[in-house]
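Note: the block below is work29.csv and it holds CSV, C-alpha atoms and all ligand atoms.
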```csv
chain,number,residue,atom,x,y,z
A,28,MET,CA,-120.8,90.6,10.5
A,29,GLU,CA,-119.9,92.2,7.3
A,30,TYR,CA,-116.8,94.3,6.4
A,31,ALA,CA,-116.0,97.3,4.4
A,32,THR,CA,-112.8,97.4,2.3
A,33,LEU,CA,-110.9,100.6,2.8
A,34,ASN,CA,-108.9,102.4,0.1
A,35,THR,CA,-105.8,100.9,1.8
A,36,GLY,CA,-107.1,97.4,1.1
A,37,ALA,CA,-107.7,96.8,4.8
A,38,LYS,CA,-111.0,95.3,6.0
A,39,MET,CA,-113.0,97.3,8.6
A,40,PRO,CA,-115.9,95.8,10.5
A,41,LEU,CA,-119.1,97.4,9.2
A,42,GLU,CA,-120.4,97.6,12.8
A,43,GLY,CA,-118.4,98.9,15.7
A,44,PHE,CA,-118.9,100.2,19.2
A,45,GLY,CA,-118.7,103.9,20.1
A,46,VAL,CA,-117.5,105.2,23.5
A,47,PHE,CA,-118.5,108.9,23.5
A,48,GLN,CA,-120.0,110.1,26.7
A,49,ILE,CA,-118.6,107.4,28.9
A,50,PRO,CA,-116.2,109.6,30.9
A,51,ASP,CA,-115.8,107.4,34.0
A,52,ALA,CA,-112.7,105.3,33.4
A,53,ALA,CA,-113.8,102.2,35.3
A,54,GLU,CA,-117.1,102.2,33.5
A,55,CYS,CA,-115.6,102.8,30.1
A,56,GLU,CA,-113.1,99.9,30.6
A,57,GLN,CA,-115.8,97.5,31.6
A,58,VAL,CA,-118.3,98.6,28.9
A,59,THR,CA,-115.6,98.3,26.2
A,60,TYR,CA,-114.6,94.9,27.5
A,61,ASN,CA,-118.3,93.8,27.4
A,62,ALA,CA,-118.6,95.1,23.9
A,63,ILE,CA,-115.6,93.0,22.8
A,64,LYS,CA,-117.1,90.0,24.6
A,65,THR,CA,-120.4,90.6,22.8
A,66,GLY,CA,-118.5,90.4,19.4
A,67,TYR,CA,-117.8,94.0,18.5
A,68,ARG,CA,-114.3,94.2,17.0
A,69,LEU,CA,-114.2,97.9,16.1
A,70,ILE,CA,-113.9,100.4,19.0
A,71,ASP,CA,-114.4,104.1,18.2
A,72,THR,CA,-112.8,106.5,20.7
A,73,ALA,CA,-111.2,110.0,20.5
A,74,ALA,CA,-108.7,112.1,22.3
A,75,ALA,CA,-111.7,114.4,23.1
A,76,TYR,CA,-113.6,111.6,24.9
A,77,GLN,CA,-110.9,111.4,27.5
A,78,ASN,CA,-111.2,107.7,27.8
A,79,GLU,CA,-108.4,106.3,25.6
A,80,GLU,CA,-106.6,104.8,28.6
A,81,ALA,CA,-109.7,102.9,29.6
A,82,VAL,CA,-110.2,101.6,26.1
A,83,GLY,CA,-106.6,100.5,26.0
A,84,LYS,CA,-107.0,98.7,29.3
A,85,ALA,CA,-110.1,96.9,28.1
A,86,VAL,CA,-108.4,95.9,24.9
A,87,ALA,CA,-105.4,94.5,26.8
A,88,ARG,CA,-107.6,92.6,29.2
A,89,ALA,CA,-109.8,91.2,26.3
A,90,ILE,CA,-106.6,90.0,24.5
A,91,ALA,CA,-105.1,88.5,27.7
A,92,ASP,CA,-108.4,86.7,28.4
A,93,GLY,CA,-108.3,85.2,24.9
A,94,LEU,CA,-111.5,86.9,23.7
A,95,THR,CA,-109.8,88.3,20.6
A,96,THR,CA,-106.4,89.2,19.1
A,97,ARG,CA,-105.0,92.6,18.3
A,98,GLU,CA,-105.2,91.7,14.6
A,99,GLU,CA,-108.9,91.0,14.8
A,100,LEU,CA,-109.6,94.4,16.5
A,101,PHE,CA,-110.0,97.7,14.7
A,102,ILE,CA,-109.2,100.6,16.9
A,103,THR,CA,-110.1,104.1,15.8
A,104,THR,CA,-109.2,107.3,17.6
A,105,LYS,CA,-109.3,111.0,16.6
A,106,VAL,CA,-107.2,114.1,16.8
A,107,TRP,CA,-109.0,117.0,18.5
A,108,VAL,CA,-109.3,120.5,16.9
A,109,LEU,CA,-106.9,122.1,19.4
A,110,ASP,CA,-104.2,119.8,18.0
A,111,GLN,CA,-105.2,120.5,14.4
A,112,LYS,CA,-102.7,123.5,14.3
A,113,THR,CA,-99.6,122.2,12.5
A,114,GLU,CA,-98.4,119.0,11.0
A,115,ASP,CA,-96.3,118.5,14.1
A,116,THR,CA,-99.1,119.1,16.7
A,117,ALA,CA,-101.3,116.6,14.9
A,118,TYR,CA,-98.5,114.0,14.6
A,119,GLN,CA,-97.7,114.5,18.4
A,120,ALA,CA,-101.4,114.1,19.2
A,121,VAL,CA,-101.4,110.7,17.4
A,122,LYS,CA,-98.4,109.6,19.5
A,123,THR,CA,-100.1,110.8,22.7
A,124,SER,CA,-103.3,108.9,21.8
A,125,LEU,CA,-101.2,105.7,21.2
A,126,ALA,CA,-99.4,106.1,24.5
A,127,LYS,CA,-102.8,106.4,26.3
A,128,LEU,CA,-104.2,103.4,24.4
A,129,ASN,CA,-100.9,101.6,25.1
A,130,LEU,CA,-100.8,100.4,21.5
A,131,PRO,CA,-98.0,100.6,18.9
A,132,TYR,CA,-100.5,101.4,16.2
A,133,ALA,CA,-104.1,102.3,15.6
A,134,ASP,CA,-106.2,101.0,12.7
A,135,LEU,CA,-107.7,104.4,11.9
A,136,ILE,CA,-106.9,108.0,12.9
A,137,LEU,CA,-109.4,110.6,12.1
A,138,LEU,CA,-109.3,114.4,12.1
A,139,HIS,CA,-112.3,115.1,14.4
A,140,GLN,CA,-113.6,118.3,12.7
A,141,PRO,CA,-112.9,120.3,9.6
A,142,MET,CA,-111.6,123.1,11.8
A,143,GLY,CA,-108.3,124.7,12.7
A,144,ASP,CA,-105.6,124.2,10.1
A,145,TYR,CA,-107.0,120.8,9.0
A,146,PHE,CA,-104.8,120.6,5.9
A,147,ALA,CA,-101.6,120.9,8.0
A,148,ALA,CA,-103.0,118.5,10.6
A,149,TYR,CA,-103.9,116.0,7.8
A,150,ARG,CA,-100.2,116.1,6.7
A,151,GLY,CA,-99.4,115.2,10.3
A,152,ILE,CA,-101.6,112.1,10.2
A,153,GLU,CA,-100.4,111.2,6.7
A,154,LYS,CA,-96.9,111.2,8.3
A,155,ALA,CA,-98.2,109.0,11.1
A,156,TYR,CA,-99.6,106.6,8.5
A,157,ARG,CA,-96.3,106.5,6.6
A,158,ASP,CA,-94.5,105.9,9.9
A,159,GLY,CA,-96.7,102.9,10.7
A,160,LEU,CA,-98.5,104.5,13.6
A,161,THR,CA,-101.8,103.9,12.0
A,162,LYS,CA,-103.1,101.5,9.3
A,163,ALA,CA,-105.4,104.1,7.8
A,164,ILE,CA,-106.4,107.8,8.1
A,165,GLY,CA,-109.6,109.7,7.6
A,166,VAL,CA,-111.8,112.5,8.6
A,167,ALA,CA,-115.0,113.3,10.5
A,168,ASN,CA,-117.8,115.8,10.0
A,169,PHE,CA,-116.5,116.7,6.6
A,170,TYR,CA,-119.7,117.8,4.8
A,171,PRO,CA,-120.0,117.4,1.0
A,172,GLY,CA,-118.4,120.7,-0.2
A,173,VAL,CA,-115.5,120.4,2.4
A,174,LEU,CA,-114.9,116.8,1.6
A,175,THR,CA,-114.9,117.4,-2.1
A,176,ASN,CA,-112.3,120.2,-1.9
A,177,PHE,CA,-110.3,118.0,0.5
A,178,CYS,CA,-110.3,114.9,-1.7
A,179,GLU,CA,-109.3,117.0,-4.7
A,180,THR,CA,-106.4,118.4,-2.8
A,181,VAL,CA,-104.8,116.0,-0.4
A,182,GLU,CA,-102.2,113.4,-1.3
A,183,ILE,CA,-103.7,110.4,0.5
A,184,LYS,CA,-107.5,110.3,0.2
A,185,PRO,CA,-109.3,109.7,3.5
A,186,ALA,CA,-110.3,106.1,4.0
A,187,VAL,CA,-113.4,107.0,6.1
A,188,ASN,CA,-115.6,110.1,6.8
A,189,GLN,CA,-117.5,109.8,10.0
A,190,VAL,CA,-120.6,112.0,10.0
A,191,GLU,CA,-124.0,112.0,11.7
A,192,LEU,CA,-126.1,109.5,9.7
A,193,HIS,CA,-129.5,108.1,10.8
A,194,PRO,CA,-133.0,108.0,9.3
A,195,PHE,CA,-133.8,111.6,10.5
A,196,PHE,CA,-130.6,112.9,8.9
A,197,ALA,CA,-130.1,110.4,6.1
A,198,GLN,CA,-127.7,112.6,4.0
A,199,GLU,CA,-128.1,110.4,0.9
A,200,LYS,CA,-126.3,112.8,-1.5
A,201,ALA,CA,-123.4,113.2,1.0
A,202,VAL,CA,-123.1,109.4,1.2
A,203,GLU,CA,-123.1,109.1,-2.6
A,204,ASN,CA,-120.4,111.8,-2.7
A,205,MET,CA,-118.2,109.9,-0.2
A,206,LYS,CA,-118.6,106.6,-2.2
A,207,ALA,CA,-117.6,108.4,-5.4
A,208,TYR,CA,-114.3,109.3,-3.8
A,209,GLY,CA,-113.8,105.8,-2.4
A,210,VAL,CA,-114.4,107.1,1.2
A,211,VAL,CA,-116.3,104.7,3.5
A,212,PRO,CA,-119.2,106.5,5.2
A,213,GLN,CA,-119.4,105.9,8.9
A,214,ALA,CA,-122.4,106.9,11.0
A,215,TRP,CA,-121.9,108.6,14.3
A,216,GLY,CA,-125.2,108.9,16.2
A,217,PRO,CA,-126.6,106.0,14.2
A,218,LEU,CA,-129.5,105.8,16.8
A,219,ALA,CA,-129.9,109.6,16.6
A,220,GLU,CA,-128.7,109.7,20.2
A,221,GLY,CA,-132.3,108.6,21.0
A,222,LYS,CA,-133.8,111.8,19.6
A,223,HIS,CA,-137.1,112.1,17.7
A,224,GLY,CA,-138.7,109.1,19.5
A,225,ILE,CA,-136.5,106.8,17.4
A,226,PHE,CA,-136.8,103.8,19.7
A,227,THR,CA,-140.7,103.9,19.7
A,228,ASP,CA,-141.3,105.3,16.2
A,229,PRO,CA,-144.5,103.4,15.1
A,230,GLU,CA,-143.4,102.9,11.4
A,231,LEU,CA,-139.9,101.6,12.4
A,232,THR,CA,-141.4,99.4,15.1
A,233,ALA,CA,-143.9,98.0,12.5
A,234,ILE,CA,-141.1,97.2,10.0
A,235,GLY,CA,-139.1,95.5,12.8
A,236,LYS,CA,-142.1,93.4,14.0
A,237,LYS,CA,-142.1,91.4,10.7
A,238,TYR,CA,-138.5,90.2,11.5
A,239,GLY,CA,-138.8,90.0,15.3
A,240,LYS,CA,-136.5,93.1,15.6
A,241,SER,CA,-136.8,96.5,17.4
A,242,ALA,CA,-136.9,100.0,15.8
A,243,ALA,CA,-133.2,100.4,16.9
A,244,GLN,CA,-132.2,97.2,15.0
A,245,VAL,CA,-134.1,98.4,11.9
A,246,VAL,CA,-132.3,101.7,11.7
A,247,LEU,CA,-128.9,100.1,12.3
A,248,ARG,CA,-129.6,97.5,9.6
A,249,TRP,CA,-130.9,100.3,7.2
A,250,ASN,CA,-127.5,102.1,7.4
A,251,ALA,CA,-125.5,98.9,7.1
A,252,GLN,CA,-127.5,97.8,4.2
A,253,ARG,CA,-126.8,101.1,2.3
A,254,GLY,CA,-123.1,100.5,2.9
A,255,VAL,CA,-122.7,102.8,5.9
A,256,SER,CA,-120.6,101.7,8.8
A,257,ILE,CA,-122.3,102.1,12.2
A,258,ILE,CA,-120.8,102.6,15.7
A,259,PRO,CA,-123.7,102.6,18.2
A,260,LYS,CA,-123.0,103.2,21.8
A,261,SER,CA,-124.7,101.7,24.9
A,262,VAL,CA,-123.4,101.2,28.4
A,263,HIS,CA,-126.1,98.5,28.8
A,264,GLU,CA,-125.0,94.9,27.9
A,265,GLU,CA,-128.5,93.8,26.8
A,266,ARG,CA,-128.7,96.8,24.4
A,267,MET,CA,-125.2,96.4,23.0
A,268,LYS,CA,-126.1,92.7,22.3
A,269,ARG,CA,-129.3,93.7,20.6
A,270,ASN,CA,-127.6,96.5,18.6
A,271,PHE,CA,-125.2,93.9,17.3
A,272,ASP,CA,-127.9,91.4,16.4
A,273,ILE,CA,-128.7,92.9,13.0
A,274,TRP,CA,-126.9,90.5,10.7
A,275,ASP,CA,-129.6,87.8,10.2
A,276,PHE,CA,-132.2,89.8,8.4
A,277,SER,CA,-132.5,92.1,5.4
A,278,LEU,CA,-134.9,95.0,4.7
A,279,THR,CA,-136.8,95.0,1.4
A,280,GLU,CA,-136.3,97.9,-1.1
A,281,GLU,CA,-139.6,99.2,-0.1
A,282,GLU,CA,-138.7,99.2,3.6
A,283,MET,CA,-135.3,100.8,2.9
A,284,THR,CA,-137.2,103.7,1.1
A,285,LYS,CA,-139.7,104.0,4.0
A,286,VAL,CA,-136.9,104.4,6.5
A,287,ALA,CA,-135.1,106.9,4.3
A,288,ALA,CA,-138.4,108.9,3.9
A,289,LYS,CA,-138.1,109.9,7.6
A,290,ASP,CA,-135.3,112.3,6.7
A,291,LEU,CA,-135.8,115.8,8.1
A,292,GLY,CA,-132.9,117.2,6.0
A,293,HIS,CA,-131.1,118.6,9.0
A,294,SER,CA,-129.5,117.6,12.3
A,295,GLU,CA,-131.3,117.8,15.6
A,296,ILE,CA,-128.1,117.1,17.5
A,297,VAL,CA,-125.5,119.6,16.3
A,298,ASN,CA,-125.3,122.4,13.6
A,299,HIS,CA,-121.8,122.5,12.2
A,300,ASP,CA,-122.6,125.8,10.5
A,301,ASP,CA,-123.3,127.5,13.8
A,302,PRO,CA,-120.5,129.9,14.4
A,303,MET,CA,-120.8,129.4,18.2
A,304,PHE,CA,-120.3,125.7,17.8
A,305,VAL,CA,-117.1,126.3,15.7
A,306,LYS,CA,-115.9,128.9,18.3
A,307,TYR,CA,-116.5,126.3,21.1
A,308,CYS,CA,-114.5,123.7,19.2
A,309,VAL,CA,-111.5,125.9,18.4
A,310,GLY,CA,-111.4,127.1,22.0
A,311,ALA,CA,-112.7,130.6,21.4
A,312,ALA,CA,-116.0,130.1,23.4
A,313,THR,CA,-116.7,128.1,26.6
A,314,ASN,CA,-120.2,126.8,25.4
A,315,PHE,CA,-122.5,126.9,22.4
B,401,LIG,P1,-126.0,106.8,19.4
B,401,LIG,O1,-125.2,105.6,19.3
B,401,LIG,O2,-126.9,107.2,18.3
B,401,LIG,O3,-127.0,106.7,20.7
B,401,LIG,C1,-126.5,106.4,22.0
B,401,LIG,C2,-127.7,106.6,22.9
B,401,LIG,O4,-128.7,105.7,22.7
B,401,LIG,C3,-127.3,106.4,24.3
B,401,LIG,O5,-128.0,107.3,25.1
B,401,LIG,C4,-127.7,105.0,24.7
B,401,LIG,O6,-128.0,104.9,26.0
B,401,LIG,C5,-128.9,104.8,23.8
B,401,LIG,N1,-129.1,103.5,23.3
B,401,LIG,C6,-128.2,102.7,22.6
B,401,LIG,N2,-128.8,101.6,22.2
B,401,LIG,C7,-130.1,101.6,22.6
B,401,LIG,C8,-131.2,100.7,22.5
B,401,LIG,N3,-131.0,99.6,21.8
B,401,LIG,N4,-132.4,101.1,23.1
B,401,LIG,C9,-132.5,102.2,23.7
B,401,LIG,N5,-131.5,103.1,23.9
B,401,LIG,C10,-130.3,102.8,23.3
B,401,LIG,O7,-125.1,108.1,19.8
B,401,LIG,P2,-123.6,108.4,19.9
B,401,LIG,O8,-123.0,107.7,21.1
B,401,LIG,O9,-123.5,109.9,19.9
B,401,LIG,O10,-122.9,107.9,18.6
B,401,LIG,C11,-122.2,106.6,18.5
B,401,LIG,C12,-120.7,106.8,18.5
B,401,LIG,O11,-120.3,107.7,17.4
B,401,LIG,C13,-120.2,107.6,19.7
B,401,LIG,O12,-120.1,106.8,20.9
B,401,LIG,C14,-118.8,108.0,19.2
B,401,LIG,O13,-117.9,106.9,19.3
B,401,LIG,C15,-119.1,108.4,17.8
B,401,LIG,N6,-119.4,109.9,17.7
B,401,LIG,C16,-118.6,110.6,16.9
B,401,LIG,C17,-118.8,112.0,16.7
B,401,LIG,C18,-117.9,112.8,15.8
B,401,LIG,O14,-118.0,114.0,15.8
B,401,LIG,N7,-117.0,112.1,15.1
B,401,LIG,C19,-119.9,112.6,17.3
B,401,LIG,C20,-120.7,111.8,18.1
B,401,LIG,C21,-120.5,110.5,18.3
B,401,LIG,P3,-127.3,103.9,27.0
B,401,LIG,O15,-125.8,104.0,26.9
B,401,LIG,O16,-127.8,104.3,28.4
B,401,LIG,O17,-127.8,102.5,26.6
```

What do you get writing this file as structure tokens?
Ligand code: NAP
Amino acid sequence: MEYATLNTGAKMPLEGFGVFQIPDAAECEQVTYNAIKTGYRLIDTAAAYQNEEAVGKAVARAIADGLTTREELFITTKVWVLDQKTEDTAYQAVKTSLAKLNLPYADLILLHQPMGDYFAAYRGIEKAYRDGLTKAIGVANFYPGVLTNFCETVEIKPAVNQVELHPFFAQEKAVENMKAYGVVPQAWGPLAEGKHGIFTDPELTAIGKKYGKSAAQVVLRWNAQRGVSIIPKSVHEERMKRNFDIWDFSLTEEEMTKVAAKDLGHSEIVNHDDPMFVKYCVGAATNF
């Protein structure tokens, strides 16, 4: 396992475990516990995932069972758009998330989308940071122009920007821009949520064969090797183990370039420029 150093000086595991789309509380608790048992130390949840309580229970159980310590763990959660209204709504959202997680502090709090009054909301999480409610703060889905304006404006620069990053949406320039601001890029959907035949892609499979690895392991390794943190999700123990088994091989320069060449230049998962998606997130539409 490797670590990224945040602009706070804290170390963040380069690989973590995401818990999006595990709405069942009992399942989420068990899956999160299994992930910690497997070796994952970073858990990525969000108020919007409605499973912070389950994550908190898994963390408490893993610590009680001696699998890990709170200090070893890195817990991320996110403030949802509807709480990105004022400094106070965001600050209160952090407190609500911590109560659900049953933790006195988080390691990272992110604004989930550049929507609502995200500057005011960011001041709320800056206050949470100053008050010791979180060890670091950051953003998610801040695309290059938005992130640039933001970093040039805010008092405390975001430690992390979590955006969609995988071979089919490589966003190399966006990653460079984050690094220029000292913002650690973190990949959501590092397995492209299974889209575009990623698990059976012949070229990715051929690259993996040389190392006894799968296409999934190749794409996770590719992101990690370019300094991008990854948070794959799987409810299956075997898959979560394999997704974590990427630290004993390296891709060559040529292989890195081959994987990056798969870039389509756009997302096949979500379009943040789609007004209907934005309306949905801010609560002005029921679907998109
Ligand atoms: P992902 O990790 O790219 O893909 C997860 C999907 O791949 C699941 O359907 C999973 O199925 C399957 N899978 C995982 N490993 C596999 C393997 N080795 N072989 C075959 N199938 C495999 O997608 P994601 O969950 O959207 O993204 C990861 C995390 O990023 C989320 O959990 C969440 O924490 C975060 N996220 C953040 C945002 C944001 O806006 N900030 C958005 C999306 C996600 P099974 O579970 O059935 O194995």

Nearest to Arg253 (chain A), chosen from A:Ala207, A:Met28, A:Leu41, A:Leu291, with only C-alpha atoms counted in the distances
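Smallest distance to Arg253 (chain A) is found for A:Leu41.
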
What is the CA of Ile183 (chain A) to CA of Asp158 (chain A) distance in Å?
13.9 Å

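Proximity of A:Gln140, A:Thr59, A:Thr65, A:Gln77 to Cys308 (chain A), computed with only C-alpha atoms, is greatest for A:Gln140.
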
Which residues are near Glu153 (chain A)? Cut-off 12 Å, only C-alpha atoms, ignore same chain within fewer than 4 positions. Put them as a PyMOL selection string.
chain A and resi 114-115+117-118+121+135-138+145-149+157-166+181-186

Selection file, C-alpha atoms, as an mmCIF file, in the coordinates of the input:
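In the end it all went to selection.cif:
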```cif
data_model
loop_
_atom_site.group_PDB
_atom_site.id
_atom_site.type_symbol
_atom_site.label_atom_id
_atom_site.label_comp_id
_atom_site.auth_asym_id
_atom_site.auth_seq_id
_atom_site.Cartn_x
_atom_site.Cartn_y
_atom_site.Cartn_z
ATOM 1 C CA GLU A 114 -98.400 119.000 11.000
ATOM 2 C CA ASP A 115 -96.300 118.500 14.100
ATOM 3 C CA ALA A 117 -101.300 116.600 14.900
ATOM 4 C CA TYR A 118 -98.500 114.000 14.600
ATOM 5 C CA VAL A 121 -101.400 110.700 17.400
ATOM 6 C CA LEU A 135 -107.700 104.400 11.900
ATOM 7 C CA ILE A 136 -106.900 108.000 12.900
ATOM 8 C CA LEU A 137 -109.400 110.600 12.100
ATOM 9 C CA LEU A 138 -109.300 114.400 12.100
ATOM 10 C CA TYR A 145 -107.000 120.800 9.000
ATOM 11 C CA PHE A 146 -104.800 120.600 5.900
ATOM 12 C CA ALA A 147 -101.600 120.900 8.000
ATOM 13 C CA ALA A 148 -103.000 118.500 10.600
ATOM 14 C CA TYR A 149 -103.900 116.000 7.800
ATOM 15 C CA ARG A 157 -96.300 106.500 6.600
ATOM 16 C CA ASP A 158 -94.500 105.900 9.900
ATOM 17 C CA GLY A 159 -96.700 102.900 10.700
ATOM 18 C CA LEU A 160 -98.500 104.500 13.600
ATOM 19 C CA THR A 161 -101.800 103.900 12.000
ATOM 20 C CA LYS A 162 -103.100 101.500 9.300
ATOM 21 C CA ALA A 163 -105.400 104.100 7.800
ATOM 22 C CA ILE A 164 -106.400 107.800 8.100
ATOM 23 C CA GLY A 165 -109.600 109.700 7.600
ATOM 24 C CA VAL A 166 -111.800 112.500 8.600
ATOM 25 C CA VAL A 181 -104.800 116.000 -0.400
ATOM 26 C CA GLU A 182 -102.200 113.400 -1.300
ATOM 27 C CA ILE A 183 -103.700 110.400 0.500
ATOM 28 C CA LYS A 184 -107.500 110.300 0.200
ATOM 29 C CA PRO A 185 -109.300 109.700 3.500
ATOM 30 C CA ALA A 186 -110.300 106.100 4.000
#
```

Extract, using all atoms listed in the file, all DNA, RNA and protein residues at most 9 Å from region 232-248 of chain A, discarding same-chain residues fewer than 4 positions from it, and format them as a list in words.
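Returned residues: Glu42, His193, Pro194, Pro217, Leu218, Ile225, Phe226, Thr227, Asp228, Gln252, Arg253, Ile257, Pro259, Arg269, Asn270, Phe271, Asp272, Ile273, Trp274, Phe276, Ser277, Leu278, Glu282 and Val286 of chain A.
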
Next, write the just-selected residues to a file, as a PDB file, keeping the file's coordinate frame, keeping C-alpha atoms as the atom set.
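To be explicit, this is the file written out as out-v8.pdb:
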```pdb
ATOM      1  CA  GLU A  42    -120.400  97.600  12.800  1.00  0.00           C
ATOM      2  CA  HIS A 193    -129.500 108.100  10.800  1.00  0.00           C
ATOM      3  CA  PRO A 194    -133.000 108.000   9.300  1.00  0.00           C
ATOM      4  CA  PRO A 217    -126.600 106.000  14.200  1.00  0.00           C
ATOM      5  CA  LEU A 218    -129.500 105.800  16.800  1.00  0.00           C
ATOM      6  CA  ILE A 225    -136.500 106.800  17.400  1.00  0.00           C
ATOM      7  CA  PHE A 226    -136.800 103.800  19.700  1.00  0.00           C
ATOM      8  CA  THR A 227    -140.700 103.900  19.700  1.00  0.00           C
ATOM      9  CA  ASP A 228    -141.300 105.300  16.200  1.00  0.00           C
ATOM     10  CA  GLN A 252    -127.500  97.800   4.200  1.00  0.00           C
ATOM     11  CA  ARG A 253    -126.800 101.100   2.300  1.00  0.00           C
ATOM     12  CA  ILE A 257    -122.300 102.100  12.200  1.00  0.00           C
ATOM     13  CA  PRO A 259    -123.700 102.600  18.200  1.00  0.00           C
ATOM     14  CA  ARG A 269    -129.300  93.700  20.600  1.00  0.00           C
ATOM     15  CA  ASN A 270    -127.600  96.500  18.600  1.00  0.00           C
ATOM     16  CA  PHE A 271    -125.200  93.900  17.300  1.00  0.00           C
ATOM     17  CA  ASP A 272    -127.900  91.400  16.400  1.00  0.00           C
ATOM     18  CA  ILE A 273    -128.700  92.900  13.000  1.00  0.00           C
ATOM     19  CA  TRP A 274    -126.900  90.500  10.700  1.00  0.00           C
ATOM     20  CA  PHE A 276    -132.200  89.800   8.400  1.00  0.00           C
ATOM     21  CA  SER A 277    -132.500  92.100   5.400  1.00  0.00           C
ATOM     22  CA  LEU A 278    -134.900  95.000   4.700  1.00  0.00           C
ATOM     23  CA  GLU A 282    -138.700  99.200   3.600  1.00  0.00           C
ATOM     24  CA  VAL A 286    -136.900 104.400   6.500  1.00  0.00           C
TER      25      VAL A 286
END
```

Neighbours of ligand LIG 401 (chain B) at 7 Å or closer, counting only C-alpha atoms and all ligand atoms: which residues, as a compact mmCIF listing (two decimals) with C-alpha atoms, in the frame of the given file?
```txt
# COMPACT_ATOMS: atom_id res chain seq x y z
CA PHE A 44 -118.90 100.20 19.20
CA GLY A 45 -118.70 103.90 20.10
CA VAL A 46 -117.50 105.20 23.50
CA PHE A 47 -118.50 108.90 23.50
CA GLN A 48 -120.00 110.10 26.70
CA ASP A 71 -114.40 104.10 18.20
CA THR A 72 -112.80 106.50 20.70
CA HIS A 139 -112.30 115.10 14.40
CA GLN A 140 -113.60 118.30 12.70
CA ALA A 167 -115.00 113.30 10.50
CA ASN A 168 -117.80 115.80 10.00
CA GLN A 189 -117.50 109.80 10.00
CA VAL A 190 -120.60 112.00 10.00
CA GLU A 191 -124.00 112.00 11.70
CA ALA A 214 -122.40 106.90 11.00
CA TRP A 215 -121.90 108.60 14.30
CA GLY A 216 -125.20 108.90 16.20
CA PRO A 217 -126.60 106.00 14.20
CA LEU A 218 -129.50 105.80 16.80
CA ALA A 219 -129.90 109.60 16.60
CA GLU A 220 -128.70 109.70 20.20
CA GLY A 221 -132.30 108.60 21.00
CA PHE A 226 -136.80 103.80 19.70
CA ALA A 243 -133.20 100.40 16.90
CA ILE A 258 -120.80 102.60 15.70
CA PRO A 259 -123.70 102.60 18.20
CA LYS A 260 -123.00 103.20 21.80
CA SER A 261 -124.70 101.70 24.90
CA VAL A 262 -123.40 101.20 28.40
CA HIS A 263 -126.10 98.50 28.80
CA ARG A 266 -128.70 96.80 24.40
CA MET A 267 -125.20 96.40 23.00
CA ARG A 269 -129.30 93.70 20.60
CA ASN A 270 -127.60 96.50 18.60
```

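Among the candidate residues A:Ala91, A:Ala312, A:Pro40, A:Glu29, the one lying nearest to Asp275 (chain A) is A:Glu29, with distances computed using only C-alpha atoms.
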
Considering all atoms listed in the file, return as a list in words whatever protein or nucleic-acid residues lie within 12 Å of Arg88 (chain A), sequence-local ones (same chain, fewer than 4 positions apart) excluded.
Glu56, Gln57, Thr59, Tyr60, Asn61, Ile63, Lys64, Ala81, Val82, Gly83, Lys84, Asp92, Gly93, Leu94, Thr95, Thr96, Arg97 and Asn129 of chain A

Write a file of the just-selected residues containing C-alpha atoms, as a PDB file, keeping the file's coordinate frame.
```pdb
ATOM      1  CA  GLU A  56    -113.100  99.900  30.600  1.00  0.00           C
ATOM      2  CA  GLN A  57    -115.800  97.500  31.600  1.00  0.00           C
ATOM      3  CA  THR A  59    -115.600  98.300  26.200  1.00  0.00           C
ATOM      4  CA  TYR A  60    -114.600  94.900  27.500  1.00  0.00           C
ATOM      5  CA  ASN A  61    -118.300  93.800  27.400  1.00  0.00           C
ATOM      6  CA  ILE A  63    -115.600  93.000  22.800  1.00  0.00           C
ATOM      7  CA  LYS A  64    -117.100  90.000  24.600  1.00  0.00           C
ATOM      8  CA  ALA A  81    -109.700 102.900  29.600  1.00  0.00           C
ATOM      9  CA  VAL A  82    -110.200 101.600  26.100  1.00  0.00           C
ATOM     10  CA  GLY A  83    -106.600 100.500  26.000  1.00  0.00           C
ATOM     11  CA  LYS A  84    -107.000  98.700  29.300  1.00  0.00           C
ATOM     12  CA  ASP A  92    -108.400  86.700  28.400  1.00  0.00           C
ATOM     13  CA  GLY A  93    -108.300  85.200  24.900  1.00  0.00           C
ATOM     14  CA  LEU A  94    -111.500  86.900  23.700  1.00  0.00           C
ATOM     15  CA  THR A  95    -109.800  88.300  20.600  1.00  0.00           C
ATOM     16  CA  THR A  96    -106.400  89.200  19.100  1.00  0.00           C
ATOM     17  CA  ARG A  97    -105.000  92.600  18.300  1.00  0.00           C
ATOM     18  CA  ASN A 129    -100.900 101.600  25.100  1.00  0.00           C
TER      19      ASN A 129
END
```

Find the residue from A:Ala251, A:Ala126, A:Leu192, A:Leu109 that sits nearest to Lys306 (chain A); use all atoms listed in the file when measuring.
A:Leu109

Between A:Leu130, A:Val106, A:Leu174, A:Val305, which one has atoms that come closest to Ile152 (chain A), using only C-alpha atoms?
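Using only C-alpha atoms, the shortest distance to Ile152 (chain A) belongs to A:Val106.
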
Between A:Gly43, A:Pro229, A:Pro141, A:Gly310, which has the minimum distance to Arg68 (chain A) (counting only C-alpha atoms)?
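Ranking A:Gly43, A:Pro229, A:Pro141, A:Gly310 by distance to Arg68 (chain A), first place goes to A:Gly43.
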
Between CA of His299 (chain A) and CA of Asn314 (chain A), what is the distance in Å, rounded to a tenth?
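For CA of His299 (chain A) relative to CA of Asn314 (chain A), the distance reads 14.0 Å.
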
With all atoms of region 219-230 of chain A from the file as input, state the centre and edge lengths in Å to one decimal of the axis-aligned box that has 5 Å extra on each side, as lines of an AutoDock Vina configuration file.
```
center_x = -136.6
center_y = 107.5
center_z = 16.2
size_x = 25.8
size_y = 19.2
size_z = 19.6
```
